[in-house]
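Undergrad: Below you'll find the structure I mean.
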Amino acid sequence: MRFEPSSAWLPALALTFNAFTWGVSWWPFRQLEAIGLHPLWATALIYGAAVLAISAWRPGAWGALWRTPSLWLLVAAAGTTNATFNWAVTIGDVVRVVLLFYLMPLWAVLLARWLLHEPLTGGAVFRVVLALAGAATVLWPAEGGLPLPRSLPEWLGVLGGFSFALNNVLLRREAHRPESARALAMFLGGALVATVLAIALSAQGSVPLPPPLAVGWVAASLALAAAFLLGNLALQYGAARLPANATAVIMISEVLFASVSAVLLGAGTASLQLAVGGALIVGATLLSARH
C-alpha cells in the first residue's frame, strides 16, 4: 500500500482516538471502583464482553486461535498488560504509572533481541540508557536510596510496560496470522488473566467480590467495553494505513492525555523531576519509533 500524506488525516485521527481512549481510561475505572467494582473484576467483565462481541462478529477467529499455539503467548502478554495497567492507574498516581508503563524501549530492545534475533546496535543501547535514566529520575526518592519502584502501583506499571513490550514483539512475530485471531487473543487475555487474578485475590480477601448486579455499573462496564472495541478497531484501521514510525509517534500521545487529565482531575502530580524523567522516557520512545 502506497502512503499518501494527503489522505493521512483520517488514520491519524483514528490512532489519536485510540490513544485518548487508553489515556483517560483511568477515570471510568476509578468511578467503577468507587461503587465497589475492583479494577480486576471490571477488566474481566469489560474484556469478556469484548470477547463475546468478537466471537459474534468473527466466529472463525476461535478456530485460528486454537490451531496456533504461539498466539497463546499473546493471550498471556496482552492479559497481563491490561490487568496490571488498569489496576495500577486505578489505585496509583496516574502520571507516574503511565511514565513507568512507557519504559517500552528498554524492554522492547531486550525482547526483540531474544525473540526476533534483532542485532543489539549502538542506537538500541542508547535508547536503553535513555529509558533507564528516565526511570531513575522518575523513581528517585527524595529521602535517598535506590531508584526502585516503592509501591504496588509502581511495580504494576513496570510489569505492565514489560508485558506490553512483549505484546508488541509478539504481534510483530505473529503479523502473518489472521487479524481477527490476534484481536481475539488480546481481548481473551484481558478477560482470562484478570478473572484468574480476581478470583485468587478474592479468595485471599485482598480483593472484594463484585457488588450486587445493578443497572448503573453494568451499563458503565458495557459502555467501556464498547469504547475499547472501537479503540482497537481504530488502531487497526490507522496502523494499516500509516507508516509504523508514524503510528508509534501518534500513540505516544496517550502519555499526554493521561498526564493532563490526571493532573487536572487530581489523580496525579506534576513536578520538575517527573517532567525531566518523562522527557527522557518519551525521548527514548520517539527514537524507537523513528528507528
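Following the order of the C-alpha cells, chains are lettered A, B, ..., residues in each are numbered from 1, and ligands are numbered from 1.
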Using only C-alpha atoms, tabulate the residues of segment 203-281 of chain A lying at most 7 Å from any atom of segment 86-106 of chain A, each with its closest atom pair and that distance in Å to one decimal, by chain and increasing residue number, as a tab-separated table.
TA:
residue	atom	partner	partner_atom	distance
A:Val255	CA	A:Val98	CA	6.5
A:Ala258	CA	A:Val95	CA	6.9
A:Ser259	CA	A:Val95	CA	5.0
A:Ala262	CA	A:Val94	CA	6.1
A:Ala267	CA	A:Asp93	CA	6.0
A:Gly268	CA	A:Asp93	CA	4.8
A:Thr269	CA	A:Val95	CA	6.8
A:Gly278	CA	A:Leu99	CA	6.1
A:Ile281	CA	A:Leu103	CA	6.4
Undergrad: Would you tabulate, counting only C-alpha atoms, all residues of segment 159-269 of chain A that have an atom at most 12 Å from an atom of segment 57-78 of chain A, showing the closest pair of atoms and their distance in Å to one decimal, sorted by chain then ascending number, as CSV?
TA:
residue,atom,partner,partner_atom,distance
A:Leu159,CA,A:Ala77,CA,10.4
A:Gly160,CA,A:Ala77,CA,9.1
A:Gly161,CA,A:Ala77,CA,10.4
A:Phe162,CA,A:Ala77,CA,8.9
A:Ser163,CA,A:Ala77,CA,5.2
A:Phe164,CA,A:Ala78,CA,6.8
A:Ala165,CA,A:Ala77,CA,8.7
A:Leu166,CA,A:Ala77,CA,6.3
A:Asn167,CA,A:Ala77,CA,5.2
A:Asn168,CA,A:Leu74,CA,8.9
A:Val169,CA,A:Leu74,CA,9.4
A:Leu170,CA,A:Leu74,CA,6.3
A:Leu171,CA,A:Leu74,CA,7.5
A:Arg172,CA,A:Leu74,CA,10.8
A:Arg173,CA,A:Ser70,CA,9.5
A:Glu174,CA,A:Leu71,CA,7.5
A:Ala175,CA,A:Leu71,CA,10.6
A:His176,CA,A:Leu71,CA,11.4
A:Arg177,CA,A:Ala64,CA,8.2
A:Pro178,CA,A:Ala64,CA,7.4
A:Glu179,CA,A:Ala61,CA,8.5
A:Ser180,CA,A:Ala61,CA,5.5
A:Ala181,CA,A:Ala61,CA,4.5
A:Arg182,CA,A:Leu71,CA,7.2
A:Ala183,CA,A:Ala61,CA,8.7
A:Leu184,CA,A:Ala61,CA,6.8
A:Ala185,CA,A:Val75,CA,4.9
A:Met186,CA,A:Ala78,CA,5.1
A:Phe187,CA,A:Ala78,CA,7.5
A:Leu188,CA,A:Val75,CA,6.4
A:Gly189,CA,A:Val75,CA,4.2
A:Gly190,CA,A:Ala78,CA,6.2
A:Ala191,CA,A:Val75,CA,9.5
A:Leu192,CA,A:Val75,CA,8.4
A:Val193,CA,A:Ala76,CA,7.1
A:Ala194,CA,A:Ala76,CA,10.5
A:Val196,CA,A:Ala76,CA,11.6
A:Leu229,CA,A:Trp57,CA,11.9
Undergrad: Keeping C-alpha atoms for every residue in the selection just given, could you write it to a file as a tab-separated table (two decimals), in the first residue's frame?
TA:
chain	number	residue	atom	x	y	z
A	159	LEU	CA	5.27	-5.07	34.88
A	160	GLY	CA	2.57	-3.70	32.58
A	161	GLY	CA	5.16	-1.93	30.44
A	162	PHE	CA	7.24	-5.10	30.15
A	163	SER	CA	4.23	-7.21	29.16
A	164	PHE	CA	3.13	-4.50	26.71
A	165	ALA	CA	6.55	-4.59	25.05
A	166	LEU	CA	6.28	-8.39	24.90
A	167	ASN	CA	2.79	-7.99	23.44
A	168	ASN	CA	4.12	-5.72	20.69
A	169	VAL	CA	7.06	-8.00	19.87
A	170	LEU	CA	4.71	-10.99	19.64
A	171	LEU	CA	2.37	-9.02	17.39
A	172	ARG	CA	5.29	-8.40	15.05
A	173	ARG	CA	6.27	-12.06	15.13
A	174	GLU	CA	2.67	-13.20	14.50
A	175	ALA	CA	1.83	-10.48	11.95
A	176	HIS	CA	1.04	-13.13	9.33
A	177	ARG	CA	-1.79	-14.56	11.46
A	178	PRO	CA	-5.41	-13.52	10.78
A	179	GLU	CA	-6.18	-10.10	12.25
A	180	SER	CA	-9.35	-11.36	13.92
A	181	ALA	CA	-7.43	-14.16	15.68
A	182	ARG	CA	-4.86	-11.70	17.03
A	183	ALA	CA	-7.60	-9.36	18.26
A	184	LEU	CA	-9.42	-12.26	19.91
A	185	ALA	CA	-6.19	-13.38	21.60
A	186	MET	CA	-5.62	-9.91	23.05
A	187	PHE	CA	-9.17	-9.46	24.40
A	188	LEU	CA	-9.36	-13.05	25.62
A	189	GLY	CA	-6.13	-12.50	27.52
A	190	GLY	CA	-7.59	-9.40	29.17
A	191	ALA	CA	-10.60	-11.43	30.34
A	192	LEU	CA	-8.72	-14.57	31.43
A	193	VAL	CA	-5.80	-13.05	33.33
A	194	ALA	CA	-7.98	-10.51	35.14
A	196	VAL	CA	-7.88	-15.59	37.43
A	229	LEU	CA	-13.51	-2.25	20.99
Undergrad: Find the residues around segment 40-43 of chain A up to 12 Å (only C-alpha atoms counted), leave out those fewer than 6 positions away in its own chain, and share them as a VMD selection string.
TA: chain A and resid 25 to 26 28 to 34 49 to 51 79 to 91 187 to 202 206 to 211 217 to 225 228
Undergrad: Which is closest to Val24 of chain A among A:Ser151, A:Ser261, A:Ser253, A:Gln204, if we use only C-alpha atoms?
TA: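 Of A:Ser151, A:Ser261, A:Ser253, A:Gln204, the one nearest Val24 of chain A is A:Ser261, counting only C-alpha atoms.
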Undergrad: Grab the atom CA of Gly134 of chain A to atom CA of Leu110 of chain A distance for me, in Å with one decimal place.
TA: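 According to the coordinates, atom CA of Gly134 of chain A and atom CA of Leu110 of chain A are separated by 17.2 Å.
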Undergrad: Excluding same-chain residues fewer than 4 positions from Met251 of chain A, what lies within 10 Å of it counting only C-alpha atoms, as a ChimeraX atom specification?
TA: /A:12,15-20,22-23,235,245-247,255-256,289
Undergrad: Just C-alpha atoms for this one: save the residues we selected as a PDB file, in the first residue's frame.
TA:
ATOM      1  CA  ALA A  12      -4.089   9.710  12.257  1.00  0.00           C
ATOM      2  CA  LEU A  15      -4.962   6.474  16.170  1.00  0.00           C
ATOM      3  CA  THR A  16      -5.441   9.600  18.272  1.00  0.00           C
ATOM      4  CA  PHE A  17      -8.867   8.321  19.322  1.00  0.00           C
ATOM      5  CA  ASN A  18      -7.285   5.057  20.446  1.00  0.00           C
ATOM      6  CA  ALA A  19      -4.613   6.906  22.417  1.00  0.00           C
ATOM      7  CA  PHE A  20      -7.257   9.140  24.001  1.00  0.00           C
ATOM      8  CA  TRP A  22      -6.487   4.486  26.765  1.00  0.00           C
ATOM      9  CA  GLY A  23      -5.137   7.744  28.149  1.00  0.00           C
ATOM     10  CA  LEU A 235      -5.892   1.272  15.977  1.00  0.00           C
ATOM     11  CA  ASN A 245       7.008   5.021  12.862  1.00  0.00           C
ATOM     12  CA  ALA A 246       4.133   7.492  12.387  1.00  0.00           C
ATOM     13  CA  THR A 247       1.781   5.126  14.219  1.00  0.00           C
ATOM     14  CA  VAL A 255       1.070   9.859  27.801  1.00  0.00           C
ATOM     15  CA  LEU A 256      -0.144  13.431  27.213  1.00  0.00           C
ATOM     16  CA  ALA A 289       9.544   4.994  16.694  1.00  0.00           C
TER      17      ALA A 289
END
Undergrad: From the options A:Val276, A:Leu242, A:Leu152, A:Leu287, which residue's atoms come nearest to Leu13 of chain A, counting only C-alpha atoms?
TA: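 Of A:Val276, A:Leu242, A:Leu152, A:Leu287, the one nearest Leu13 of chain A is A:Leu242, counting only C-alpha atoms.
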Undergrad: Among segment 51-220 of chain A, which residues does DSSP mark as alpha helix (DSSP H) when it is run on the backbone? Keep the chain and numbering as in the structure and answer as a PyMOL selection string.
TA: chain A and resi 51-57+60-66+71-91+94-101+104-115+122-139+152-173+179-204+215-220
Undergrad: Output C-alpha atoms of each residue in that selection to a file, as a tab-separated table (two decimals), in the first residue's frame.
TA:
chain	number	residue	atom	x	y	z
A	51	VAL	CA	-14.69	-11.40	23.51
A	52	LEU	CA	-18.40	-12.13	23.05
A	53	ALA	CA	-18.66	-9.30	20.51
A	54	ILE	CA	-15.64	-10.52	18.52
A	55	SER	CA	-16.96	-14.10	18.64
A	56	ALA	CA	-20.28	-12.99	17.17
A	57	TRP	CA	-18.56	-10.82	14.54
A	60	GLY	CA	-13.84	-18.22	12.71
A	61	ALA	CA	-11.27	-16.43	14.88
A	62	TRP	CA	-11.63	-19.16	17.50
A	63	GLY	CA	-10.51	-21.86	15.08
A	64	ALA	CA	-7.44	-19.87	14.09
A	65	LEU	CA	-6.60	-19.27	17.76
A	66	TRP	CA	-6.94	-22.95	18.73
A	71	LEU	CA	-0.94	-16.99	19.87
A	72	TRP	CA	-1.50	-18.16	23.44
A	73	LEU	CA	1.70	-16.34	24.38
A	74	LEU	CA	-0.04	-13.24	23.07
A	75	VAL	CA	-3.06	-14.13	25.25
A	76	ALA	CA	-0.81	-14.14	28.34
A	77	ALA	CA	1.09	-10.97	27.40
A	78	ALA	CA	-1.99	-8.95	26.49
A	79	GLY	CA	-3.86	-10.18	29.55
A	80	THR	CA	-1.02	-9.22	31.90
A	81	THR	CA	-0.75	-5.81	30.23
A	82	ASN	CA	-4.42	-4.97	30.68
A	83	ALA	CA	-4.80	-6.36	34.20
A	84	THR	CA	-1.72	-4.59	35.57
A	85	PHE	CA	-2.27	-1.27	33.77
A	86	ASN	CA	-5.94	-0.95	34.69
A	87	TRP	CA	-5.24	-1.89	38.30
A	88	ALA	CA	-2.27	0.48	38.58
A	89	VAL	CA	-3.97	3.61	37.18
A	90	THR	CA	-6.99	2.99	39.40
A	91	ILE	CA	-5.08	2.91	42.70
A	94	VAL	CA	-1.62	8.12	37.10
A	95	VAL	CA	1.29	10.22	35.82
A	96	ARG	CA	3.96	8.07	37.48
A	97	VAL	CA	2.26	4.82	36.46
A	98	VAL	CA	1.93	5.84	32.80
A	99	LEU	CA	5.56	7.01	32.59
A	100	LEU	CA	6.80	3.72	34.09
A	101	PHE	CA	4.48	1.82	31.76
A	104	MET	CA	8.87	0.03	26.44
A	105	PRO	CA	12.12	0.96	24.60
A	106	LEU	CA	14.11	-0.77	27.35
A	107	TRP	CA	12.07	-3.98	27.30
A	108	ALA	CA	11.46	-3.95	23.55
A	109	VAL	CA	15.19	-3.92	22.72
A	110	LEU	CA	15.88	-6.87	25.04
A	111	LEU	CA	12.83	-8.87	23.92
A	112	ALA	CA	13.43	-8.20	20.22
A	113	ARG	CA	16.99	-9.44	20.67
A	114	TRP	CA	15.76	-12.60	22.40
A	115	LEU	CA	12.62	-13.44	20.38
A	122	GLY	CA	24.61	1.28	19.27
A	123	GLY	CA	21.34	3.14	18.76
A	124	ALA	CA	19.44	0.43	20.63
A	125	VAL	CA	21.86	0.61	23.57
A	126	PHE	CA	21.48	4.41	23.63
A	127	ARG	CA	17.68	4.09	23.81
A	128	VAL	CA	18.01	1.63	26.69
A	129	VAL	CA	20.31	4.01	28.58
A	130	LEU	CA	17.95	6.92	27.93
A	131	ALA	CA	14.92	4.96	29.18
A	132	LEU	CA	16.81	3.80	32.27
A	133	ALA	CA	17.89	7.37	33.03
A	134	GLY	CA	14.27	8.48	32.73
A	135	ALA	CA	13.06	5.70	35.03
A	136	ALA	CA	15.75	6.50	37.61
A	137	THR	CA	14.74	10.18	37.53
A	138	VAL	CA	11.04	9.38	37.99
A	139	LEU	CA	11.71	6.90	40.81
A	152	LEU	CA	2.17	-1.66	44.28
A	153	PRO	CA	1.01	0.75	41.52
A	154	GLU	CA	4.61	1.46	40.51
A	155	TRP	CA	5.50	-2.24	40.33
A	156	LEU	CA	2.31	-2.89	38.37
A	157	GLY	CA	3.23	-0.06	35.97
A	158	VAL	CA	6.70	-1.56	35.35
A	159	LEU	CA	5.27	-5.07	34.88
A	160	GLY	CA	2.57	-3.70	32.58
A	161	GLY	CA	5.16	-1.93	30.44
A	162	PHE	CA	7.24	-5.10	30.15
A	163	SER	CA	4.23	-7.21	29.16
A	164	PHE	CA	3.13	-4.50	26.71
A	165	ALA	CA	6.55	-4.59	25.05
A	166	LEU	CA	6.28	-8.39	24.90
A	167	ASN	CA	2.79	-7.99	23.44
A	168	ASN	CA	4.12	-5.72	20.69
A	169	VAL	CA	7.06	-8.00	19.87
A	170	LEU	CA	4.71	-10.99	19.64
A	171	LEU	CA	2.37	-9.02	17.39
A	172	ARG	CA	5.29	-8.40	15.05
A	173	ARG	CA	6.27	-12.06	15.13
A	179	GLU	CA	-6.18	-10.10	12.25
A	180	SER	CA	-9.35	-11.36	13.92
A	181	ALA	CA	-7.43	-14.16	15.68
A	182	ARG	CA	-4.86	-11.70	17.03
A	183	ALA	CA	-7.60	-9.36	18.26
A	184	LEU	CA	-9.42	-12.26	19.91
A	185	ALA	CA	-6.19	-13.38	21.60
A	186	MET	CA	-5.62	-9.91	23.05
A	187	PHE	CA	-9.17	-9.46	24.40
A	188	LEU	CA	-9.36	-13.05	25.62
A	189	GLY	CA	-6.13	-12.50	27.52
A	190	GLY	CA	-7.59	-9.40	29.17
A	191	ALA	CA	-10.60	-11.43	30.34
A	192	LEU	CA	-8.72	-14.57	31.43
A	193	VAL	CA	-5.80	-13.05	33.33
A	194	ALA	CA	-7.98	-10.51	35.14
A	195	THR	CA	-10.51	-13.22	36.07
A	196	VAL	CA	-7.88	-15.59	37.43
A	197	LEU	CA	-6.22	-12.82	39.47
A	198	ALA	CA	-9.55	-11.52	40.75
A	199	ILE	CA	-10.70	-14.98	41.88
A	200	ALA	CA	-7.36	-15.80	43.54
A	201	LEU	CA	-7.09	-12.47	45.37
A	202	SER	CA	-10.76	-12.52	46.35
A	203	ALA	CA	-10.24	-15.94	47.92
A	204	GLN	CA	-7.41	-14.42	49.99
A	215	VAL	CA	-28.00	-1.31	36.01
A	216	GLY	CA	-25.56	1.52	36.66
A	217	TRP	CA	-22.26	-0.30	36.93
A	218	VAL	CA	-23.20	-2.99	34.39
A	219	ALA	CA	-24.15	-0.36	31.81
A	220	ALA	CA	-20.96	1.61	32.53
Undergrad: Measure the distance from atom CA of Ala8 of chain A to atom CA of Thr21 of chain A in Å and round it to one decimal.
TA: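 Result for atom CA of Ala8 of chain A versus atom CA of Thr21 of chain A: 20.1 Å, one decimal.
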